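As structure tokens, the structure follows; a few thoughts come after it.
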Amino acid sequence: MAYIRRILAKKLENTTKTFSATYLSGARQCGKSTLVRHLLSLDDAHYLTFDTTTVRTMAKKDPEAFIASLPTDKLNIIDEVQRVPAVNVLLKKAVDERRFEGQGKALFLLTGSANIFGVPKLAKAMVGRMAVLTLHPFSAAEIHNSDVNFIEKLWKDTGSFKNYERADLTSIIKNATFPEIALHKDIDQSVWMDSYIDTILDRDAAEFAKIRKPELVYQLLVSLCSRVGSLMNNDNIMKETGFNQITYEKYKSFCNATFLTFEIQPWSRPNKLNKRFVKSKKIYFTDTNLLCFLMRCDISEVYAKDPSLMGHLFENFIATEIMKSISALPGKFHVSHFNPVRGDGKETDFVIEKDNGETIAIEVKLDSSLNENDFKNITLCRDTIGSKFKKGIVLYTGEVMAPFSDKLWAVPVNYLWE
């Protein structure tokens, strides 16, 4: 399989060199092992994986001896570390001993197919000692072999008229996916996705989350599919699935922890603005092709026949592209959706904030041309946020990048990679 440059690679390499330990999380089959092996080829490192039965058994049987056997003069890369919880405290001990000796940098690079907050013992043991990064499936820029980080570019770009060629949207979405699907065009995607879901439900649901009826997780995923990009009504979902609140929250947390889904919080500044905002989150799927598989739909057919559904798929795609971009940037970013209670329906899809409060906003439109009405939502967002609002864009499928009004731009989807 050809190696595709990942936009996270530089941040991962720098973080690994400056922290005692780094935890690289991400969905199964998103390329974590390939990325760290590429890093191994650049640095003197020792690689092993707990997906190998022999290594995993040895670590479980005598975790102290296992940690003691690791070389102290190399970066130790441990793949799928969440599969042997017994090593968590011992990793902390090894880090502390090396730090006491004045050799506390670049000790461990750990990877896992579970969100660090879904591995509480590891998170607790390594607090203050470990940086956490997340790798996603391929971005649109990566599949175009581009170094563009469109969120970084948005913050720096002063804006200018520019013409683009019309993008083949369905092709872009189909390729911005898991590496094995993107790079092997002859693969049966339905078979691959079915096996992917089975692996998560059969292994992770039982081994990681202790879920007795993993088939019910699939039922929840199907229910969530129809709610992508919409405000979540938890009561309605529980009624539809038949889950009580405890089961629902456990299964939803599992979907988030294993990177099947992610939630976006509502934007709110109640102490500073004379406005009230909705409190509901929005749900998205980490991979839009996986979403289509669960919905049993073909994105090309949806694009041709069902504009309403395609609008939701397009919004999901942009949500994933935002998360991919900010994961590779230095600093902390907060992503939310802007939805005033009395905004007359004028919600903005995505608001991205830095720690200093500087904000950009993104509205998604499945249209090849825009008019004044398409900017009403983001105009309210701009006027509400005020001086901290740096830029707002309506991302659409047309060909012209152009200003609309103060700090607001129409931006073709090509901006993600060109």
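By convention here, the chains of the structure tokens are called A, B, ... in the order presented, each chain's residues are numbered starting at 1, and ligands are numbered starting at 1 in the order presented.
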Find the residues of region 242-300 of chain A that sit at most 8 Å from region 326-350 of chain A; for each, write down the nearest two atoms and how far apart they are in Å, to one decimal. Count only C-alpha atoms. Sort by chain, then by number going up, and give it as a tab-separated table.
```
residue	atom	partner	partner_atom	distance
A:Ile264	CA	A:Ser336	CA	5.4
A:Gln265	CA	A:Ser336	CA	4.8
A:Pro266	CA	A:His337	CA	5.0
A:Trp267	CA	A:Phe338	CA	5.1
A:Ser268	CA	A:Phe338	CA	7.7
A:Lys275	CA	A:Pro340	CA	6.9
A:Arg276	CA	A:Val341	CA	5.6
A:Phe277	CA	A:Pro340	CA	4.2
A:Val278	CA	A:Val341	CA	5.5
A:Lys282	CA	A:His337	CA	7.9
```
Can I get the selection written as a short mmCIF file (atom, residue, chain, number, x, y, z; two decimals), in the first residue's frame, with all heavy atoms?
```cif
data_model
loop_
_atom_site.label_atom_id
_atom_site.label_comp_id
_atom_site.auth_asym_id
_atom_site.auth_seq_id
_atom_site.Cartn_x
_atom_site.Cartn_y
_atom_site.Cartn_z
N ILE A 264 -21.04 17.40 18.56
CA ILE A 264 -20.64 18.80 18.56
C ILE A 264 -21.56 19.56 19.50
O ILE A 264 -22.79 19.47 19.42
CB ILE A 264 -20.67 19.39 17.14
CG1 ILE A 264 -19.51 18.79 16.33
CG2 ILE A 264 -20.58 20.91 17.17
CD1 ILE A 264 -19.33 19.37 14.96
N GLN A 265 -20.94 20.30 20.40
CA GLN A 265 -21.66 21.01 21.44
C GLN A 265 -22.33 22.27 20.89
O GLN A 265 -21.90 22.83 19.88
CB GLN A 265 -20.69 21.42 22.56
CG GLN A 265 -19.92 20.28 23.20
CD GLN A 265 -20.75 19.53 24.21
OE1 GLN A 265 -21.78 20.02 24.67
NE2 GLN A 265 -20.30 18.33 24.57
N PRO A 266 -23.37 22.78 21.58
CA PRO A 266 -23.95 24.06 21.20
C PRO A 266 -23.09 25.23 21.67
O PRO A 266 -22.48 25.15 22.74
CB PRO A 266 -25.30 24.05 21.91
CG PRO A 266 -25.08 23.19 23.12
CD PRO A 266 -24.11 22.13 22.68
N TRP A 267 -23.03 26.27 20.88
CA TRP A 267 -22.30 27.48 21.26
C TRP A 267 -23.16 28.28 22.23
O TRP A 267 -24.37 28.39 22.08
CB TRP A 267 -22.02 28.32 20.01
CG TRP A 267 -21.12 29.51 20.24
CD1 TRP A 267 -19.77 29.54 20.11
CD2 TRP A 267 -21.50 30.84 20.61
NE1 TRP A 267 -19.27 30.80 20.38
CE2 TRP A 267 -20.33 31.62 20.69
CE3 TRP A 267 -22.73 31.44 20.90
CZ2 TRP A 267 -20.33 32.96 21.03
CZ3 TRP A 267 -22.75 32.79 21.24
CH2 TRP A 267 -21.57 33.54 21.31
N SER A 268 -22.51 28.87 23.25
CA SER A 268 -23.27 29.65 24.21
C SER A 268 -22.37 30.58 24.99
O SER A 268 -21.27 30.19 25.39
CB SER A 268 -24.01 28.74 25.19
OG SER A 268 -24.74 29.48 26.13
N LYS A 275 -28.94 36.74 25.05
CA LYS A 275 -29.56 35.74 24.19
C LYS A 275 -29.52 34.38 24.87
O LYS A 275 -28.64 34.12 25.70
CB LYS A 275 -28.85 35.65 22.83
CG LYS A 275 -29.07 36.83 21.90
CD LYS A 275 -28.38 36.60 20.57
CE LYS A 275 -28.59 37.78 19.64
NZ LYS A 275 -29.99 37.89 19.22
N ARG A 276 -30.45 33.54 24.51
CA ARG A 276 -30.44 32.15 24.97
C ARG A 276 -30.17 31.25 23.78
O ARG A 276 -30.55 31.55 22.65
CB ARG A 276 -31.79 31.79 25.60
CG ARG A 276 -32.06 32.53 26.90
CD ARG A 276 -33.48 32.29 27.40
NE ARG A 276 -33.75 30.86 27.57
CZ ARG A 276 -34.71 30.21 26.93
NH1 ARG A 276 -35.48 30.84 26.05
NH2 ARG A 276 -34.90 28.92 27.17
N PHE A 277 -29.48 30.13 24.05
CA PHE A 277 -29.09 29.22 22.98
C PHE A 277 -29.59 27.82 23.29
O PHE A 277 -29.74 27.44 24.45
CB PHE A 277 -27.57 29.22 22.80
CG PHE A 277 -27.01 30.54 22.37
CD1 PHE A 277 -26.72 31.53 23.30
CD2 PHE A 277 -26.82 30.82 21.03
CE1 PHE A 277 -26.23 32.76 22.91
CE2 PHE A 277 -26.33 32.04 20.63
CZ PHE A 277 -26.04 33.02 21.56
N VAL A 278 -29.86 27.06 22.24
CA VAL A 278 -30.28 25.68 22.45
C VAL A 278 -29.18 24.91 23.17
O VAL A 278 -28.01 25.25 23.08
CB VAL A 278 -30.62 24.99 21.11
CG1 VAL A 278 -31.74 25.70 20.37
CG2 VAL A 278 -29.39 24.89 20.22
N LYS A 282 -25.23 18.05 18.45
CA LYS A 282 -25.45 17.44 17.14
C LYS A 282 -24.54 16.22 17.01
O LYS A 282 -23.44 16.20 17.56
CB LYS A 282 -25.15 18.43 16.01
CG LYS A 282 -26.20 19.52 15.85
CD LYS A 282 -25.92 20.35 14.60
CE LYS A 282 -27.01 21.36 14.33
NZ LYS A 282 -26.77 22.11 13.07
#
```
For Tyr218 (chain A), please output as a PyMOL selection string all residues within 9 Å (counting only C-alpha atoms; exclusion window: fewer than 6 positions along the same chain). chain A and resi 197+201+294
Could those residues be written to a file, using N, CA, C and O atoms, as a short mmCIF file (atom, residue, chain, number, x, y, z; two decimals), in the first residue's frame?
```cif
data_model
loop_
_atom_site.label_atom_id
_atom_site.label_comp_id
_atom_site.auth_asym_id
_atom_site.auth_seq_id
_atom_site.Cartn_x
_atom_site.Cartn_y
_atom_site.Cartn_z
N ILE A 197 -17.55 -3.09 11.01
CA ILE A 197 -18.54 -2.97 12.08
C ILE A 197 -18.53 -4.22 12.96
O ILE A 197 -18.58 -4.14 14.20
N LEU A 201 -17.95 -4.42 17.02
CA LEU A 201 -18.99 -4.95 17.90
C LEU A 201 -18.56 -6.24 18.58
O LEU A 201 -18.82 -6.45 19.77
N LEU A 294 -24.33 2.37 6.61
CA LEU A 294 -25.32 2.10 7.64
C LEU A 294 -26.72 2.51 7.18
O LEU A 294 -27.71 1.90 7.58
#
```
Using only C-alpha atoms, I'd like a table of the residues in region 152-211 of chain A that come within 12 Å of region 390-408 of chain A; for each, show the closest atom pair and its distance in Å rounded to one decimal, ordered by chain and ascending number, as JSON lines.
```
{"residue": "A:Lys153", "atom": "CA", "partner": "A:Lys391", "partner_atom": "CA", "distance": 11.5}
{"residue": "A:Leu154", "atom": "CA", "partner": "A:Lys391", "partner_atom": "CA", "distance": 7.8}
{"residue": "A:Trp155", "atom": "CA", "partner": "A:Lys391", "partner_atom": "CA", "distance": 7.6}
{"residue": "A:Lys156", "atom": "CA", "partner": "A:Lys390", "partner_atom": "CA", "distance": 10.0}
{"residue": "A:Asp157", "atom": "CA", "partner": "A:Lys391", "partner_atom": "CA", "distance": 9.5}
{"residue": "A:Thr158", "atom": "CA", "partner": "A:Lys391", "partner_atom": "CA", "distance": 9.4}
{"residue": "A:Gly159", "atom": "CA", "partner": "A:Pro403", "partner_atom": "CA", "distance": 7.5}
{"residue": "A:Ser160", "atom": "CA", "partner": "A:Ala402", "partner_atom": "CA", "distance": 6.6}
{"residue": "A:Phe161", "atom": "CA", "partner": "A:Ala402", "partner_atom": "CA", "distance": 4.9}
{"residue": "A:Lys162", "atom": "CA", "partner": "A:Met401", "partner_atom": "CA", "distance": 5.1}
{"residue": "A:Asn163", "atom": "CA", "partner": "A:Val400", "partner_atom": "CA", "distance": 4.7}
{"residue": "A:Tyr164", "atom": "CA", "partner": "A:Glu399", "partner_atom": "CA", "distance": 4.8}
{"residue": "A:Glu165", "atom": "CA", "partner": "A:Glu399", "partner_atom": "CA", "distance": 5.9}
{"residue": "A:Arg166", "atom": "CA", "partner": "A:Glu399", "partner_atom": "CA", "distance": 5.6}
{"residue": "A:Ala167", "atom": "CA", "partner": "A:Thr397", "partner_atom": "CA", "distance": 7.1}
{"residue": "A:Asp168", "atom": "CA", "partner": "A:Thr397", "partner_atom": "CA", "distance": 9.0}
{"residue": "A:Leu169", "atom": "CA", "partner": "A:Thr397", "partner_atom": "CA", "distance": 7.6}
{"residue": "A:Thr170", "atom": "CA", "partner": "A:Thr397", "partner_atom": "CA", "distance": 11.1}
{"residue": "A:Ile172", "atom": "CA", "partner": "A:Thr397", "partner_atom": "CA", "distance": 11.8}
```
Using only all heavy atoms, please write the residues we just selected to a file, as a short mmCIF file (atom, residue, chain, number, x, y, z; two decimals), in the first residue's frame.
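Saved as result34.cif:
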```
data_model
loop_
_atom_site.label_atom_id
_atom_site.label_comp_id
_atom_site.auth_asym_id
_atom_site.auth_seq_id
_atom_site.Cartn_x
_atom_site.Cartn_y
_atom_site.Cartn_z
N LYS A 153 -5.58 27.83 6.95
CA LYS A 153 -5.62 28.76 5.83
C LYS A 153 -6.72 29.80 6.02
O LYS A 153 -6.53 30.99 5.71
CB LYS A 153 -5.81 27.99 4.52
CG LYS A 153 -5.74 28.87 3.27
CD LYS A 153 -5.68 28.05 2.00
CE LYS A 153 -6.92 27.22 1.78
NZ LYS A 153 -7.01 26.70 0.39
N LEU A 154 -7.87 29.37 6.53
CA LEU A 154 -8.97 30.31 6.76
C LEU A 154 -8.56 31.41 7.72
O LEU A 154 -8.91 32.58 7.53
CB LEU A 154 -10.17 29.56 7.33
CG LEU A 154 -11.22 29.04 6.36
CD1 LEU A 154 -12.34 28.33 7.12
CD2 LEU A 154 -11.80 30.16 5.52
N TRP A 155 -7.83 31.06 8.76
CA TRP A 155 -7.43 32.05 9.75
C TRP A 155 -6.46 33.07 9.16
O TRP A 155 -6.48 34.25 9.52
CB TRP A 155 -6.82 31.38 10.97
CG TRP A 155 -7.59 31.71 12.21
CD1 TRP A 155 -7.58 32.90 12.88
CD2 TRP A 155 -8.51 30.87 12.92
NE1 TRP A 155 -8.44 32.85 13.96
CE2 TRP A 155 -9.02 31.62 14.01
CE3 TRP A 155 -8.95 29.58 12.74
CZ2 TRP A 155 -9.94 31.10 14.92
CZ3 TRP A 155 -9.87 29.06 13.64
CH2 TRP A 155 -10.36 29.81 14.72
N LYS A 156 -5.62 32.63 8.24
CA LYS A 156 -4.59 33.51 7.70
C LYS A 156 -5.02 34.24 6.43
O LYS A 156 -4.52 35.32 6.12
CB LYS A 156 -3.32 32.70 7.40
CG LYS A 156 -2.67 32.08 8.62
CD LYS A 156 -1.46 31.25 8.23
CE LYS A 156 -0.79 30.64 9.44
NZ LYS A 156 0.40 29.82 9.06
N ASP A 157 -5.94 33.65 5.68
CA ASP A 157 -6.30 34.16 4.36
C ASP A 157 -7.03 35.49 4.48
O ASP A 157 -8.01 35.62 5.21
CB ASP A 157 -7.20 33.14 3.65
CG ASP A 157 -7.19 33.31 2.14
OD1 ASP A 157 -6.77 34.38 1.67
OD2 ASP A 157 -7.61 32.38 1.44
N THR A 158 -6.54 36.49 3.72
CA THR A 158 -7.21 37.80 3.71
C THR A 158 -8.36 37.84 2.73
O THR A 158 -9.15 38.77 2.73
CB THR A 158 -6.21 38.91 3.34
OG1 THR A 158 -5.59 38.61 2.08
CG2 THR A 158 -5.12 39.04 4.41
N GLY A 159 -8.46 36.81 1.90
CA GLY A 159 -9.58 36.71 0.97
C GLY A 159 -9.33 37.44 -0.33
O GLY A 159 -8.86 38.56 -0.35
N SER A 160 -9.61 36.77 -1.42
CA SER A 160 -9.48 37.38 -2.75
C SER A 160 -10.35 36.60 -3.71
O SER A 160 -10.63 35.42 -3.49
CB SER A 160 -8.02 37.38 -3.20
OG SER A 160 -7.52 36.06 -3.28
N PHE A 161 -10.76 37.27 -4.78
CA PHE A 161 -11.53 36.57 -5.80
C PHE A 161 -10.69 35.45 -6.40
O PHE A 161 -9.49 35.62 -6.67
CB PHE A 161 -11.94 37.55 -6.91
CG PHE A 161 -13.08 38.44 -6.54
CD1 PHE A 161 -12.85 39.71 -6.05
CD2 PHE A 161 -14.39 38.01 -6.69
CE1 PHE A 161 -13.90 40.54 -5.70
CE2 PHE A 161 -15.45 38.83 -6.34
CZ PHE A 161 -15.21 40.10 -5.85
N LYS A 162 -11.33 34.31 -6.60
CA LYS A 162 -10.62 33.20 -7.23
C LYS A 162 -11.63 32.27 -7.88
O LYS A 162 -12.70 32.03 -7.33
CB LYS A 162 -9.79 32.43 -6.20
CG LYS A 162 -8.92 31.32 -6.81
CD LYS A 162 -8.03 30.67 -5.78
CE LYS A 162 -7.16 29.58 -6.40
NZ LYS A 162 -6.28 28.93 -5.40
N ASN A 163 -11.27 31.77 -9.05
CA ASN A 163 -12.12 30.80 -9.75
C ASN A 163 -11.54 29.40 -9.59
O ASN A 163 -10.32 29.20 -9.67
CB ASN A 163 -12.22 31.14 -11.24
CG ASN A 163 -13.02 32.41 -11.47
OD1 ASN A 163 -14.06 32.60 -10.87
ND2 ASN A 163 -12.53 33.27 -12.36
N TYR A 164 -12.41 28.44 -9.37
CA TYR A 164 -12.03 27.04 -9.25
C TYR A 164 -12.78 26.23 -10.30
O TYR A 164 -13.84 26.64 -10.78
CB TYR A 164 -12.42 26.49 -7.87
CG TYR A 164 -11.67 27.07 -6.70
CD1 TYR A 164 -12.09 28.26 -6.09
CD2 TYR A 164 -10.56 26.43 -6.17
CE1 TYR A 164 -11.43 28.79 -5.00
CE2 TYR A 164 -9.88 26.95 -5.08
CZ TYR A 164 -10.32 28.12 -4.49
OH TYR A 164 -9.65 28.64 -3.41
N GLU A 165 -12.24 25.07 -10.63
CA GLU A 165 -12.99 24.12 -11.44
C GLU A 165 -14.04 23.45 -10.56
O GLU A 165 -13.84 23.25 -9.36
CB GLU A 165 -12.06 23.06 -12.04
CG GLU A 165 -11.12 23.61 -13.11
CD GLU A 165 -10.33 22.51 -13.78
OE1 GLU A 165 -10.59 21.31 -13.47
OE2 GLU A 165 -9.45 22.82 -14.59
N ARG A 166 -15.16 23.09 -11.16
CA ARG A 166 -16.22 22.44 -10.40
C ARG A 166 -15.73 21.09 -9.85
O ARG A 166 -15.21 20.26 -10.60
CB ARG A 166 -17.45 22.22 -11.29
CG ARG A 166 -18.64 21.57 -10.60
CD ARG A 166 -19.27 22.48 -9.55
NE ARG A 166 -19.77 23.72 -10.15
CZ ARG A 166 -20.97 23.86 -10.70
NH1 ARG A 166 -21.80 22.83 -10.73
NH2 ARG A 166 -21.34 25.02 -11.20
N ALA A 167 -15.88 20.90 -8.56
CA ALA A 167 -15.40 19.68 -7.92
C ALA A 167 -16.39 18.53 -8.13
O ALA A 167 -17.61 18.74 -8.18
CB ALA A 167 -15.21 19.91 -6.43
N ASP A 168 -15.86 17.33 -8.25
CA ASP A 168 -16.68 16.12 -8.29
C ASP A 168 -16.92 15.71 -6.84
O ASP A 168 -16.16 14.94 -6.25
CB ASP A 168 -15.96 15.02 -9.06
CG ASP A 168 -16.79 13.75 -9.20
OD1 ASP A 168 -17.84 13.65 -8.53
OD2 ASP A 168 -16.38 12.85 -9.96
N LEU A 169 -17.99 16.25 -6.25
CA LEU A 169 -18.21 16.14 -4.81
C LEU A 169 -18.30 14.69 -4.35
O LEU A 169 -17.69 14.31 -3.34
CB LEU A 169 -19.47 16.89 -4.41
CG LEU A 169 -19.79 16.91 -2.91
CD1 LEU A 169 -18.67 17.56 -2.13
CD2 LEU A 169 -21.11 17.62 -2.67
N THR A 170 -19.06 13.86 -5.06
CA THR A 170 -19.23 12.47 -4.60
C THR A 170 -17.92 11.71 -4.65
O THR A 170 -17.64 10.89 -3.77
CB THR A 170 -20.30 11.75 -5.44
OG1 THR A 170 -19.92 11.77 -6.82
CG2 THR A 170 -21.65 12.41 -5.29
N ILE A 172 -14.93 13.03 -4.23
CA ILE A 172 -14.12 13.53 -3.12
C ILE A 172 -14.53 12.85 -1.82
O ILE A 172 -13.69 12.38 -1.05
CB ILE A 172 -14.28 15.06 -2.98
CG1 ILE A 172 -13.76 15.78 -4.22
CG2 ILE A 172 -13.57 15.56 -1.72
CD1 ILE A 172 -12.31 15.52 -4.52
#
```
Between CA of Ser230 (chain A) and CA of Tyr415 (chain A), what is the spacing in Å? 24.9 Å
Nearest to Leu260 (chain A) among A:Asp235, A:Asp298, A:Asp204, A:Asp186, with distances taken over only C-alpha atoms: which residue is it?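 Closest residue, counting only C-alpha atoms: A:Asp204.
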Using only C-alpha atoms, which residue out of A:Asn149, A:Gln82, A:Thr22, A:Thr111 lies closest to Thr34 (chain A)?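 When distances to Thr34 (chain A) are compared using only C-alpha atoms, the smallest one comes from A:Thr111.
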Considering only C-alpha atoms, state which residue in the set A:Trp192, A:Asp147, A:Glu80, A:Phe19 is at the smallest distance from Leu107 (chain A).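 Among the listed residues, the smallest separation from Leu107 (chain A) belongs to A:Phe19.
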Just the alpha helix (DSSP H) stuff from region 47-140 of chain A, please, per backbone DSSP, written as a short mmCIF file (atom, residue, chain, number, x, y, z; two decimals) with N, CA, C and O atoms, in the first residue's frame.
```
data_model
loop_
_atom_site.label_atom_id
_atom_site.label_comp_id
_atom_site.auth_asym_id
_atom_site.auth_seq_id
_atom_site.Cartn_x
_atom_site.Cartn_y
_atom_site.Cartn_z
N THR A 53 -0.84 -11.87 19.32
CA THR A 53 -1.23 -12.71 20.46
C THR A 53 -0.05 -12.98 21.40
O THR A 53 -0.19 -12.89 22.62
N THR A 54 1.11 -13.27 20.85
CA THR A 54 2.27 -13.59 21.68
C THR A 54 2.67 -12.42 22.56
O THR A 54 2.90 -12.56 23.76
N VAL A 55 2.75 -11.24 21.94
CA VAL A 55 3.16 -10.04 22.69
C VAL A 55 2.10 -9.70 23.75
O VAL A 55 2.44 -9.39 24.90
N ARG A 56 0.86 -9.78 23.37
CA ARG A 56 -0.23 -9.45 24.30
C ARG A 56 -0.25 -10.42 25.48
O ARG A 56 -0.41 -10.01 26.64
N THR A 57 -0.08 -11.70 25.21
CA THR A 57 -0.09 -12.71 26.27
C THR A 57 1.07 -12.49 27.23
O THR A 57 0.91 -12.58 28.46
N MET A 58 2.25 -12.20 26.69
CA MET A 58 3.42 -11.96 27.53
C MET A 58 3.20 -10.75 28.44
O MET A 58 3.53 -10.78 29.63
N ALA A 59 2.62 -9.67 27.86
CA ALA A 59 2.39 -8.47 28.65
C ALA A 59 1.34 -8.69 29.73
O ALA A 59 1.45 -8.16 30.85
N LYS A 60 0.32 -9.48 29.43
CA LYS A 60 -0.73 -9.75 30.42
C LYS A 60 -0.21 -10.66 31.54
O LYS A 60 -0.55 -10.47 32.70
N LYS A 61 0.62 -11.66 31.17
CA LYS A 61 1.09 -12.63 32.15
C LYS A 61 2.03 -12.00 33.17
O LYS A 61 1.94 -12.29 34.38
N PRO A 63 3.29 -8.17 33.38
CA PRO A 63 3.44 -6.81 32.86
C PRO A 63 4.72 -6.12 33.35
O PRO A 63 5.33 -5.34 32.60
N GLU A 64 5.15 -6.42 34.59
CA GLU A 64 6.38 -5.79 35.10
C GLU A 64 7.59 -6.24 34.29
O GLU A 64 8.45 -5.42 33.92
N ALA A 65 7.67 -7.52 34.03
CA ALA A 65 8.79 -8.03 33.23
C ALA A 65 8.73 -7.50 31.81
O ALA A 65 9.77 -7.21 31.20
N PHE A 66 7.54 -7.36 31.29
CA PHE A 66 7.38 -6.84 29.94
C PHE A 66 7.91 -5.41 29.85
O PHE A 66 8.71 -5.10 28.95
N ILE A 67 7.50 -4.54 30.77
CA ILE A 67 7.96 -3.15 30.73
C ILE A 67 9.46 -3.09 30.97
O ILE A 67 10.18 -2.31 30.33
N ALA A 68 9.96 -3.92 31.88
CA ALA A 68 11.41 -3.92 32.17
C ALA A 68 12.23 -4.36 30.97
O ALA A 68 13.41 -4.00 30.84
N SER A 69 11.62 -5.15 30.07
CA SER A 69 12.36 -5.66 28.91
C SER A 69 12.49 -4.64 27.78
O SER A 69 13.26 -4.85 26.85
N ASN A 88 -0.74 0.01 32.36
CA ASN A 88 -0.94 1.46 32.51
C ASN A 88 -0.12 2.07 33.65
O ASN A 88 0.62 3.04 33.45
N VAL A 89 -0.27 1.52 34.84
CA VAL A 89 0.45 2.05 36.00
C VAL A 89 1.95 1.85 35.84
O VAL A 89 2.76 2.70 36.26
N LEU A 90 2.34 0.75 35.23
CA LEU A 90 3.77 0.47 35.05
C LEU A 90 4.40 1.42 34.04
O LEU A 90 5.58 1.77 34.17
N LEU A 91 3.64 1.85 33.05
CA LEU A 91 4.14 2.87 32.13
C LEU A 91 4.40 4.17 32.87
O LEU A 91 5.42 4.84 32.64
N LYS A 92 3.49 4.53 33.75
CA LYS A 92 3.68 5.73 34.58
C LYS A 92 4.95 5.61 35.41
O LYS A 92 5.76 6.55 35.49
N LYS A 93 5.16 4.44 36.02
CA LYS A 93 6.35 4.24 36.84
C LYS A 93 7.62 4.36 36.02
O LYS A 93 8.59 5.01 36.44
N ALA A 94 7.59 3.78 34.81
CA ALA A 94 8.78 3.84 33.94
C ALA A 94 9.07 5.28 33.52
O ALA A 94 10.23 5.70 33.49
N VAL A 95 8.02 6.03 33.21
CA VAL A 95 8.19 7.43 32.84
C VAL A 95 8.77 8.22 34.00
O VAL A 95 9.72 9.00 33.83
N ASP A 96 8.23 8.04 35.19
CA ASP A 96 8.69 8.79 36.36
C ASP A 96 10.15 8.49 36.68
O ASP A 96 10.93 9.38 37.05
N GLU A 97 10.53 7.23 36.54
CA GLU A 97 11.93 6.87 36.82
C GLU A 97 12.87 7.53 35.82
O GLU A 97 13.93 8.05 36.21
N ARG A 98 12.51 7.54 34.57
CA ARG A 98 13.36 8.15 33.55
C ARG A 98 13.40 9.67 33.71
O ARG A 98 14.45 10.30 33.50
N ARG A 99 12.28 10.26 34.09
CA ARG A 99 12.26 11.71 34.29
C ARG A 99 13.15 12.08 35.48
O ARG A 99 13.82 13.12 35.46
N PHE A 100 13.14 11.25 36.52
CA PHE A 100 13.98 11.49 37.70
C PHE A 100 15.46 11.44 37.32
O PHE A 100 16.29 12.16 37.88
N PRO A 120 -10.01 5.14 30.90
CA PRO A 120 -9.79 6.01 32.07
C PRO A 120 -8.56 5.66 32.89
O PRO A 120 -7.92 6.55 33.44
N LYS A 121 -8.21 4.37 33.00
CA LYS A 121 -7.05 4.00 33.80
C LYS A 121 -5.76 4.53 33.18
O LYS A 121 -4.86 4.98 33.89
N LEU A 122 -5.66 4.49 31.87
CA LEU A 122 -4.47 5.02 31.19
C LEU A 122 -4.44 6.53 31.33
O LEU A 122 -3.39 7.12 31.61
N ALA A 123 -5.59 7.19 31.11
CA ALA A 123 -5.65 8.64 31.22
C ALA A 123 -5.26 9.11 32.62
O ALA A 123 -4.51 10.07 32.79
N LYS A 124 -5.79 8.41 33.62
CA LYS A 124 -5.50 8.79 35.00
C LYS A 124 -4.04 8.55 35.36
O LYS A 124 -3.40 9.37 36.01
N ALA A 125 -3.51 7.41 34.94
CA ALA A 125 -2.13 7.06 35.29
C ALA A 125 -1.12 8.03 34.67
O ALA A 125 -0.12 8.36 35.29
N ALA A 140 -9.65 15.28 2.50
CA ALA A 140 -9.67 15.64 1.08
C ALA A 140 -8.30 16.13 0.62
O ALA A 140 -7.85 15.84 -0.49
#
```
Considering only C-alpha atoms, state which residue in the set A:Trp409, A:Glu358, A:Glu180, A:Asp198 is at the smallest distance from Asn371 (chain A).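 So, comparing all the options, the nearest one is A:Trp409.
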All residues 12 Å or closer to Asp202 (chain A), only C-alpha atoms, same chain fewer than 3 positions away omitted, as number ranges by chain: A: 194-199, 205-218
For a test of reading the model, state the distance in Å between CA of Asn316 (chain A) and CA of Gly229 (chain A), rounded to one decimal.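 Distance reported for this atom pair: 6.7 Å.
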Might you pull out every residue within 8 Å of Leu220 (chain A), with only C-alpha atoms counted and same-chain residues fewer than 3 positions away left off, and present them as an MDAnalysis selection string? chainID A and resid 216:217 223:224 241 251:252
Determine the nearest neighbour of Arg227 (chain A) from the options A:Asp44, A:Glu315, A:Asp367, A:Asp306, counting only C-alpha atoms.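 Between A:Asp44, A:Glu315, A:Asp367, A:Asp306, the residue approaching Arg227 (chain A) most closely is A:Glu315.
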Nearest residue to Ala114 (chain A) out of A:Asn377, A:Thr258, A:Thr286, A:Ser280, using only C-alpha atoms?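 Among the listed residues, the smallest separation from Ala114 (chain A) belongs to A:Thr258.
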Find the residues near Pro179 (chain A): any atom within 9 Å, counting only C-alpha atoms, skip ones fewer than 3 places away on the same chain, and give them as a list of chain:residue names. A:Met1, A:Ile4, A:Gln29, A:Cys30, A:Gly31, A:Pro137, A:Phe138, A:Asn175, A:Ala176, A:Ala182, A:Leu183, A:His184
Find the residues near Val302 (chain A): any atom within 12 Å, counting only C-alpha atoms, skip ones fewer than 2 places away on the same chain, and give them as a PyMOL selection string. chain A and resi 169-170+292+295-300+304-314
DSSP-assigned strand (DSSP E or B) members of region 339-413 of chain A, reported as a PyMOL selection string: chain A and resi 340+348-354+359-364+389-396+400-405+408-412
